[in-house]
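*Asks:* One file is attached below, entry.csv, containing CSV, C-alpha atoms.
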```
chain,number,residue,atom,x,y,z
Q,51,MET,CA,20.4,-12.9,-20.6
Q,52,TRP,CA,17.3,-13.0,-22.7
Q,53,HIS,CA,15.2,-14.3,-19.8
Q,54,LEU,CA,16.2,-11.5,-17.4
Q,55,PRO,CA,13.3,-9.2,-18.3
Q,56,LYS,CA,10.9,-12.1,-17.8
Q,57,GLN,CA,12.5,-12.9,-14.4
Q,58,LEU,CA,12.2,-9.3,-13.4
Q,59,ALA,CA,8.6,-9.2,-14.3
Q,60,TRP,CA,7.8,-12.4,-12.4
Q,61,PHE,CA,9.9,-11.2,-9.5
Q,62,GLY,CA,7.8,-8.1,-9.4
Q,63,VAL,CA,4.6,-10.1,-9.3
Q,64,GLY,CA,6.1,-12.2,-6.4
Q,65,GLY,CA,7.1,-8.9,-4.7
Q,66,PHE,CA,3.6,-7.6,-5.0
Q,67,ILE,CA,2.3,-10.8,-3.4
Q,68,GLY,CA,5.0,-10.4,-0.7
Q,69,PHE,CA,3.9,-6.8,-0.1
Q,70,ILE,CA,0.3,-7.9,0.3
Q,71,VAL,CA,1.3,-10.5,2.8
Q,72,ASP,CA,3.8,-8.3,4.7
Q,73,ALA,CA,1.5,-5.2,4.8
Q,74,GLY,CA,-1.6,-7.2,5.7
Q,75,ILE,CA,0.0,-9.1,8.5
Q,76,VAL,CA,1.7,-6.2,10.1
Q,77,GLN,CA,-1.4,-4.1,9.8
Q,78,LEU,CA,-3.5,-6.9,11.4
Q,79,LEU,CA,-1.0,-7.4,14.2
Q,80,VAL,CA,-0.8,-3.7,15.0
Q,81,SER,CA,-4.5,-2.8,14.6
Q,82,LYS,CA,-6.2,-5.8,16.0
Q,83,PHE,CA,-3.8,-7.2,18.5
Q,84,GLY,CA,-1.9,-4.2,19.7
Q,85,VAL,CA,1.5,-5.6,18.7
Q,86,ASP,CA,4.4,-3.1,18.5
Q,87,PRO,CA,4.9,-2.1,14.9
Q,88,TYR,CA,8.6,-2.9,15.0
Q,89,VAL,CA,8.1,-6.4,16.4
Q,90,GLY,CA,5.1,-7.1,14.1
Q,91,ARG,CA,7.2,-6.2,11.1
Q,92,LEU,CA,9.7,-8.9,11.9
Q,93,PHE,CA,7.0,-11.6,11.9
Q,94,SER,CA,5.3,-10.2,8.8
Q,95,PHE,CA,8.7,-10.2,7.0
Q,96,LEU,CA,9.1,-13.9,7.8
Q,97,CYS,CA,5.6,-14.7,6.4
Q,98,ALA,CA,6.2,-12.5,3.3
Q,99,ALA,CA,9.6,-14.0,2.6
Q,100,THR,CA,8.1,-17.5,2.8
Q,101,ALA,CA,5.3,-16.5,0.4
Q,102,THR,CA,7.7,-14.9,-2.1
Q,103,TRP,CA,10.1,-17.9,-1.9
Q,104,ALA,CA,7.2,-20.3,-2.8
Q,105,PHE,CA,6.2,-18.1,-5.7
Q,106,ASN,CA,9.6,-17.4,-7.0
Q,107,ARG,CA,10.8,-21.0,-6.9
Q,108,GLN,CA,7.7,-22.0,-9.0
Q,109,PHE,CA,7.4,-19.1,-11.5
Q,110,THR,CA,10.5,-16.8,-11.5
Q,111,PHE,CA,13.6,-19.0,-11.2
Q,112,HIS,CA,13.6,-22.4,-12.8
Q,113,GLU,CA,17.3,-23.2,-12.1
Q,114,ARG,CA,17.9,-24.8,-8.7
Q,115,GLY,CA,20.8,-26.1,-6.8
Q,116,ASP,CA,20.8,-29.5,-5.1
Q,117,TYR,CA,19.3,-28.2,-1.9
Q,118,THR,CA,16.6,-29.6,0.3
Q,119,LEU,CA,13.5,-27.5,0.5
Q,120,PHE,CA,14.6,-26.3,4.0
Q,121,GLY,CA,18.1,-25.6,2.7
Q,122,GLU,CA,16.7,-23.5,-0.2
Q,123,TRP,CA,14.2,-21.7,2.0
Q,124,SER,CA,16.9,-20.8,4.6
Q,125,ARG,CA,19.2,-19.6,1.8
Q,126,TYR,CA,16.4,-17.5,0.5
Q,127,LEU,CA,15.8,-15.9,3.9
Q,128,VAL,CA,19.4,-15.1,4.2
Q,129,ALA,CA,19.5,-13.6,0.7
Q,130,MET,CA,16.3,-11.6,1.5
Q,131,SER,CA,17.8,-10.3,4.7
Q,132,ALA,CA,20.0,-7.7,3.0
Q,133,GLY,CA,17.0,-6.3,1.2
Q,134,PHE,CA,15.0,-6.5,4.4
Q,135,ALA,CA,17.7,-4.6,6.3
Q,136,ILE,CA,17.4,-1.7,3.8
Q,137,ASN,CA,13.7,-2.0,3.8
Q,138,TYR,CA,13.4,-2.1,7.6
Q,139,VAL,CA,15.5,1.0,8.1
Q,140,ALA,CA,13.2,2.9,5.8
Q,141,TYR,CA,10.2,1.4,7.5
Q,142,ALA,CA,11.5,2.1,11.1
Q,143,LEU,CA,12.3,5.7,10.2
Q,144,ALA,CA,8.8,6.2,8.7
Q,145,VAL,CA,7.1,4.6,11.8
Q,146,HIS,CA,9.3,6.7,14.2
Q,147,TYR,CA,8.7,10.1,12.5
Q,148,SER,CA,5.1,9.7,11.4
Q,149,GLU,CA,2.0,9.2,13.6
Q,150,PHE,CA,0.1,8.2,10.4
Q,151,VAL,CA,2.6,5.5,9.6
Q,152,ARG,CA,2.6,4.3,13.2
Q,153,ALA,CA,-1.2,3.8,12.9
Q,154,TRP,CA,-1.0,2.5,9.4
Q,155,PRO,CA,2.3,0.5,9.3
Q,156,SER,CA,1.3,-1.0,5.9
Q,157,VAL,CA,2.3,2.4,4.4
Q,158,GLY,CA,5.7,2.0,6.0
Q,159,VAL,CA,6.0,-1.4,4.4
Q,160,ALA,CA,5.4,0.2,1.0
Q,161,ILE,CA,8.0,2.9,1.7
Q,162,GLY,CA,10.6,0.3,2.6
Q,163,SER,CA,9.8,-2.0,-0.3
Q,164,VAL,CA,11.3,0.1,-3.1
Q,165,PRO,CA,14.9,0.4,-1.8
Q,166,GLY,CA,15.2,-3.3,-0.8
Q,167,SER,CA,13.9,-4.8,-4.0
Q,168,ALA,CA,17.1,-4.7,-6.0
Q,169,ALA,CA,19.1,-6.4,-3.3
Q,170,ASN,CA,16.5,-9.1,-3.0
Q,171,PHE,CA,16.4,-9.8,-6.7
Q,172,LEU,CA,20.2,-10.1,-7.0
Q,173,GLY,CA,20.4,-12.3,-3.9
Q,174,ALA,CA,17.7,-14.6,-5.2
Q,175,ARG,CA,19.0,-14.8,-8.7
Q,176,GLN,CA,22.8,-15.1,-8.0
Q,177,TRP,CA,22.8,-17.1,-4.8
Q,178,VAL,CA,19.6,-19.0,-4.1
Q,179,PHE,CA,18.4,-20.0,-7.6
Q,180,SER,CA,21.7,-20.0,-9.4
Q,181,GLY,CA,21.5,-23.6,-10.4
Q,182,SER,CA,24.7,-24.5,-8.7
Q,183,GLY,CA,24.6,-26.6,-5.5
Q,184,LYS,CA,28.4,-26.3,-5.1
Q,185,ARG,CA,28.1,-22.8,-3.5
Q,186,GLY,CA,26.3,-24.0,-0.4
Q,187,SER,CA,27.6,-25.4,2.8
Q,188,PRO,CA,27.6,-29.2,3.4
Q,189,GLY,CA,24.5,-28.8,5.6
Q,190,ASP,CA,22.2,-27.4,3.0
Q,191,VAL,CA,23.3,-29.5,0.0
Q,192,LYS,CA,21.7,-32.8,-0.5
Q,193,GLU,CA,21.8,-35.3,-3.3
Q,194,ARG,CA,18.2,-35.8,-4.5
Q,195,LYS,CA,17.0,-38.3,-7.0
Q,196,ASN,CA,13.7,-36.5,-7.5
Q,197,LYS,CA,14.2,-32.8,-7.9
Q,198,PRO,CA,10.9,-30.8,-7.7
```
How would this structure read if it were set down as structure tokens?

*Replies:*
Amino acid sequence: MWHLPKQLAWFGVGGFIGFIVDAGIVQLLVSKFGVDPYVGRLFSFLCAATATWAFNRQFTFHERGDYTLFGEWSRYLVAMSAGFAINYVAYALAVHYSEFVRAWPSVGVAIGSVPGSAANFLGARQWVFSGSGKRGSPGDVKERKNKP
């Protein structure tokens, strides 16, 4: 339990990186390419979740199951989906009710980030990076001789 505060701190750094990626991409898609802010957010989430997965697997969570990179990444996306659902509801409400947020969707990303963070941390810590490969399905568990 002693490493929990350290994990929370690193997860916060990863979350900040994810926020920059998420907010930057959705803002670019909406402002420069005229993409619908709801659709743009789906793409920016995928990019942000990939960035935070790469960061968190390197710095935050040192325990790993016996998953392939794709298996671990896909588990991470599933785990982040609960937090994203919470996040997206807050984002969508802000975009819907605020002209300002519709023009600046990065503000909506910030609004949605707070409520989804706890669900994301728990999903990553307890399911993706738990160190037990026995929890996964046969498709995402692979024996590896050289673990990264």

*Asks:* Give me, please, the distance in Å between atom CA of Q:Phe83 and atom CA of Q:Ala135, quoted to one decimal.

*Replies:*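 Atom-to-atom, atom CA of Q:Phe83 and atom CA of Q:Ala135 are spaced 24.9 Å apart.
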
*Asks:* Which of these, Q:Val145, Q:Gly133, Q:Ala153, Q:Gly65, has the shortest distance to Q:Lys82 once you count only C-alpha atoms?

*Replies:*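 Once distances to Q:Lys82 are computed over only C-alpha atoms, the minimum belongs to Q:Ala153.
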
*Asks:* I'd like the interatomic distance between atom CA of Q:Phe61 and atom CA of Q:Pro87, to a tenth of an Å.

*Replies:*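 A separation of 26.5 Å between them.
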
*Asks:* In terms of the shortest atom-to-atom distance over all atoms listed in the file, which of Q:Ala160, Q:Ala142, Q:Val85, Q:Leu54 is closest to Q:Phe66?

*Replies:*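 Comparing Q:Ala160, Q:Ala142, Q:Val85, Q:Leu54 against Q:Phe66, the winner is Q:Ala160.
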
*Asks:* How far is it from atom CA of Q:Phe109 to atom CA of Q:Arg125, in Å with one decimal?

*Replies:*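 Atom-to-atom, atom CA of Q:Phe109 and atom CA of Q:Arg125 are spaced 17.8 Å apart.
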
*Asks:* Can you pull out the residues contacting Q:Leu79? Cut-off 10 Å, using only C-alpha atoms, and skip same-chain residues under 3 positions away; I want them as a ChimeraX atom specification.

*Replies:* /Q:73-76,82-87,89-91,93-94,155

*Asks:* Reconstruct N, CA and C atoms of stretch 54-86 of chain Q; output as an mmCIF file, in the coordinates of the input.

*Replies:*
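Below you can see out-v5.cif, which holds the result:
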```cif
data_model
loop_
_atom_site.group_PDB
_atom_site.id
_atom_site.type_symbol
_atom_site.label_atom_id
_atom_site.label_comp_id
_atom_site.auth_asym_id
_atom_site.auth_seq_id
_atom_site.Cartn_x
_atom_site.Cartn_y
_atom_site.Cartn_z
ATOM 1 N N LEU Q 54 16.185 -12.420 -18.520
ATOM 2 C CA LEU Q 54 16.200 -11.500 -17.400
ATOM 3 C C LEU Q 54 14.983 -10.594 -17.323
ATOM 4 N N PRO Q 55 14.483 -10.001 -18.420
ATOM 5 C CA PRO Q 55 13.300 -9.200 -18.300
ATOM 6 C C PRO Q 55 12.064 -10.022 -17.790
ATOM 7 N N LYS Q 56 11.973 -11.261 -18.236
ATOM 8 C CA LYS Q 56 10.900 -12.100 -17.800
ATOM 9 C C LYS Q 56 11.042 -12.412 -16.267
ATOM 10 N N GLN Q 57 12.275 -12.678 -15.840
ATOM 11 C CA GLN Q 57 12.500 -12.900 -14.400
ATOM 12 C C GLN Q 57 12.168 -11.674 -13.598
ATOM 13 N N LEU Q 58 12.557 -10.507 -14.090
ATOM 14 C CA LEU Q 58 12.200 -9.300 -13.400
ATOM 15 C C LEU Q 58 10.727 -9.081 -13.252
ATOM 16 N N ALA Q 59 10.015 -9.373 -14.321
ATOM 17 C CA ALA Q 59 8.600 -9.200 -14.300
ATOM 18 C C ALA Q 59 7.926 -10.182 -13.281
ATOM 19 N N TRP Q 60 8.325 -11.451 -13.328
ATOM 20 C CA TRP Q 60 7.800 -12.400 -12.400
ATOM 21 C C TRP Q 60 8.207 -12.087 -10.945
ATOM 22 N N PHE Q 61 9.444 -11.612 -10.786
ATOM 23 C CA PHE Q 61 9.900 -11.200 -9.500
ATOM 24 C C PHE Q 61 9.059 -10.053 -8.931
ATOM 25 N N GLY Q 62 8.670 -9.147 -9.826
ATOM 26 C CA GLY Q 62 7.800 -8.100 -9.400
ATOM 27 C C GLY Q 62 6.424 -8.551 -8.991
ATOM 28 N N VAL Q 63 5.886 -9.550 -9.681
ATOM 29 C CA VAL Q 63 4.600 -10.100 -9.300
ATOM 30 C C VAL Q 63 4.769 -10.784 -7.893
ATOM 31 N N GLY Q 64 5.845 -11.542 -7.721
ATOM 32 C CA GLY Q 64 6.100 -12.200 -6.400
ATOM 33 C C GLY Q 64 6.286 -11.097 -5.335
ATOM 34 N N GLY Q 65 6.960 -9.999 -5.678
ATOM 35 C CA GLY Q 65 7.100 -8.900 -4.700
ATOM 36 C C GLY Q 65 5.821 -8.279 -4.328
ATOM 37 N N PHE Q 66 4.906 -8.145 -5.295
ATOM 38 C CA PHE Q 66 3.600 -7.600 -5.000
ATOM 39 C C PHE Q 66 2.832 -8.534 -4.036
ATOM 40 N N ILE Q 67 2.926 -9.830 -4.291
ATOM 41 C CA ILE Q 67 2.300 -10.800 -3.400
ATOM 42 C C ILE Q 67 2.938 -10.686 -1.995
ATOM 43 N N GLY Q 68 4.263 -10.579 -1.956
ATOM 44 C CA GLY Q 68 5.000 -10.400 -0.700
ATOM 45 C C GLY Q 68 4.537 -9.148 0.036
ATOM 46 N N PHE Q 69 4.362 -8.070 -0.716
ATOM 47 C CA PHE Q 69 3.900 -6.800 -0.100
ATOM 48 C C PHE Q 69 2.522 -6.984 0.512
ATOM 49 N N ILE Q 70 1.615 -7.638 -0.185
ATOM 50 C CA ILE Q 70 0.300 -7.900 0.300
ATOM 51 C C ILE Q 70 0.325 -8.663 1.647
ATOM 52 N N VAL Q 71 1.125 -9.724 1.647
ATOM 53 C CA VAL Q 71 1.300 -10.500 2.800
ATOM 54 C C VAL Q 71 1.918 -9.727 3.970
ATOM 55 N N ASP Q 72 3.022 -9.058 3.676
ATOM 56 C CA ASP Q 72 3.800 -8.300 4.700
ATOM 57 C C ASP Q 72 2.891 -7.170 5.250
ATOM 58 N N ALA Q 73 2.332 -6.341 4.375
ATOM 59 C CA ALA Q 73 1.500 -5.200 4.800
ATOM 60 C C ALA Q 73 0.260 -5.680 5.551
ATOM 61 N N GLY Q 74 -0.376 -6.715 5.028
ATOM 62 C CA GLY Q 74 -1.600 -7.200 5.700
ATOM 63 C C GLY Q 74 -1.363 -7.777 7.043
ATOM 64 N N ILE Q 75 -0.302 -8.545 7.190
ATOM 65 C CA ILE Q 75 0.000 -9.100 8.500
ATOM 66 C C ILE Q 75 0.403 -8.093 9.511
ATOM 67 N N VAL Q 76 1.305 -7.182 9.123
ATOM 68 C CA VAL Q 76 1.700 -6.200 10.100
ATOM 69 C C VAL Q 76 0.554 -5.269 10.479
ATOM 70 N N GLN Q 77 -0.288 -4.927 9.508
ATOM 71 C CA GLN Q 77 -1.400 -4.100 9.800
ATOM 72 C C GLN Q 77 -2.394 -4.798 10.767
ATOM 73 N N LEU Q 78 -2.645 -6.073 10.524
ATOM 74 C CA LEU Q 78 -3.500 -6.900 11.400
ATOM 75 C C LEU Q 78 -2.931 -6.971 12.805
ATOM 76 N N LEU Q 79 -1.662 -7.269 12.904
ATOM 77 C CA LEU Q 79 -1.000 -7.400 14.200
ATOM 78 C C LEU Q 79 -1.080 -6.106 15.014
ATOM 79 N N VAL Q 80 -0.828 -4.989 14.352
ATOM 80 C CA VAL Q 80 -0.800 -3.700 15.000
ATOM 81 C C VAL Q 80 -2.231 -3.230 15.365
ATOM 82 N N SER Q 81 -3.134 -3.292 14.388
ATOM 83 C CA SER Q 81 -4.500 -2.800 14.600
ATOM 84 C C SER Q 81 -5.375 -3.600 15.458
ATOM 85 N N LYS Q 82 -5.313 -4.900 15.280
ATOM 86 C CA LYS Q 82 -6.200 -5.800 16.000
ATOM 87 C C LYS Q 82 -5.668 -6.390 17.275
ATOM 88 N N PHE Q 83 -4.366 -6.557 17.328
ATOM 89 C CA PHE Q 83 -3.800 -7.200 18.500
ATOM 90 C C PHE Q 83 -2.834 -6.351 19.293
ATOM 91 N N GLY Q 84 -2.677 -5.109 18.890
ATOM 92 C CA GLY Q 84 -1.900 -4.200 19.700
ATOM 93 C C GLY Q 84 -0.381 -4.501 19.689
ATOM 94 N N VAL Q 85 0.105 -5.241 18.716
ATOM 95 C CA VAL Q 85 1.500 -5.600 18.700
ATOM 96 C C VAL Q 85 2.329 -4.370 18.271
ATOM 97 N N ASP Q 86 3.480 -4.218 18.868
ATOM 98 C CA ASP Q 86 4.400 -3.100 18.500
ATOM 99 C C ASP Q 86 4.714 -3.208 17.026
#
```
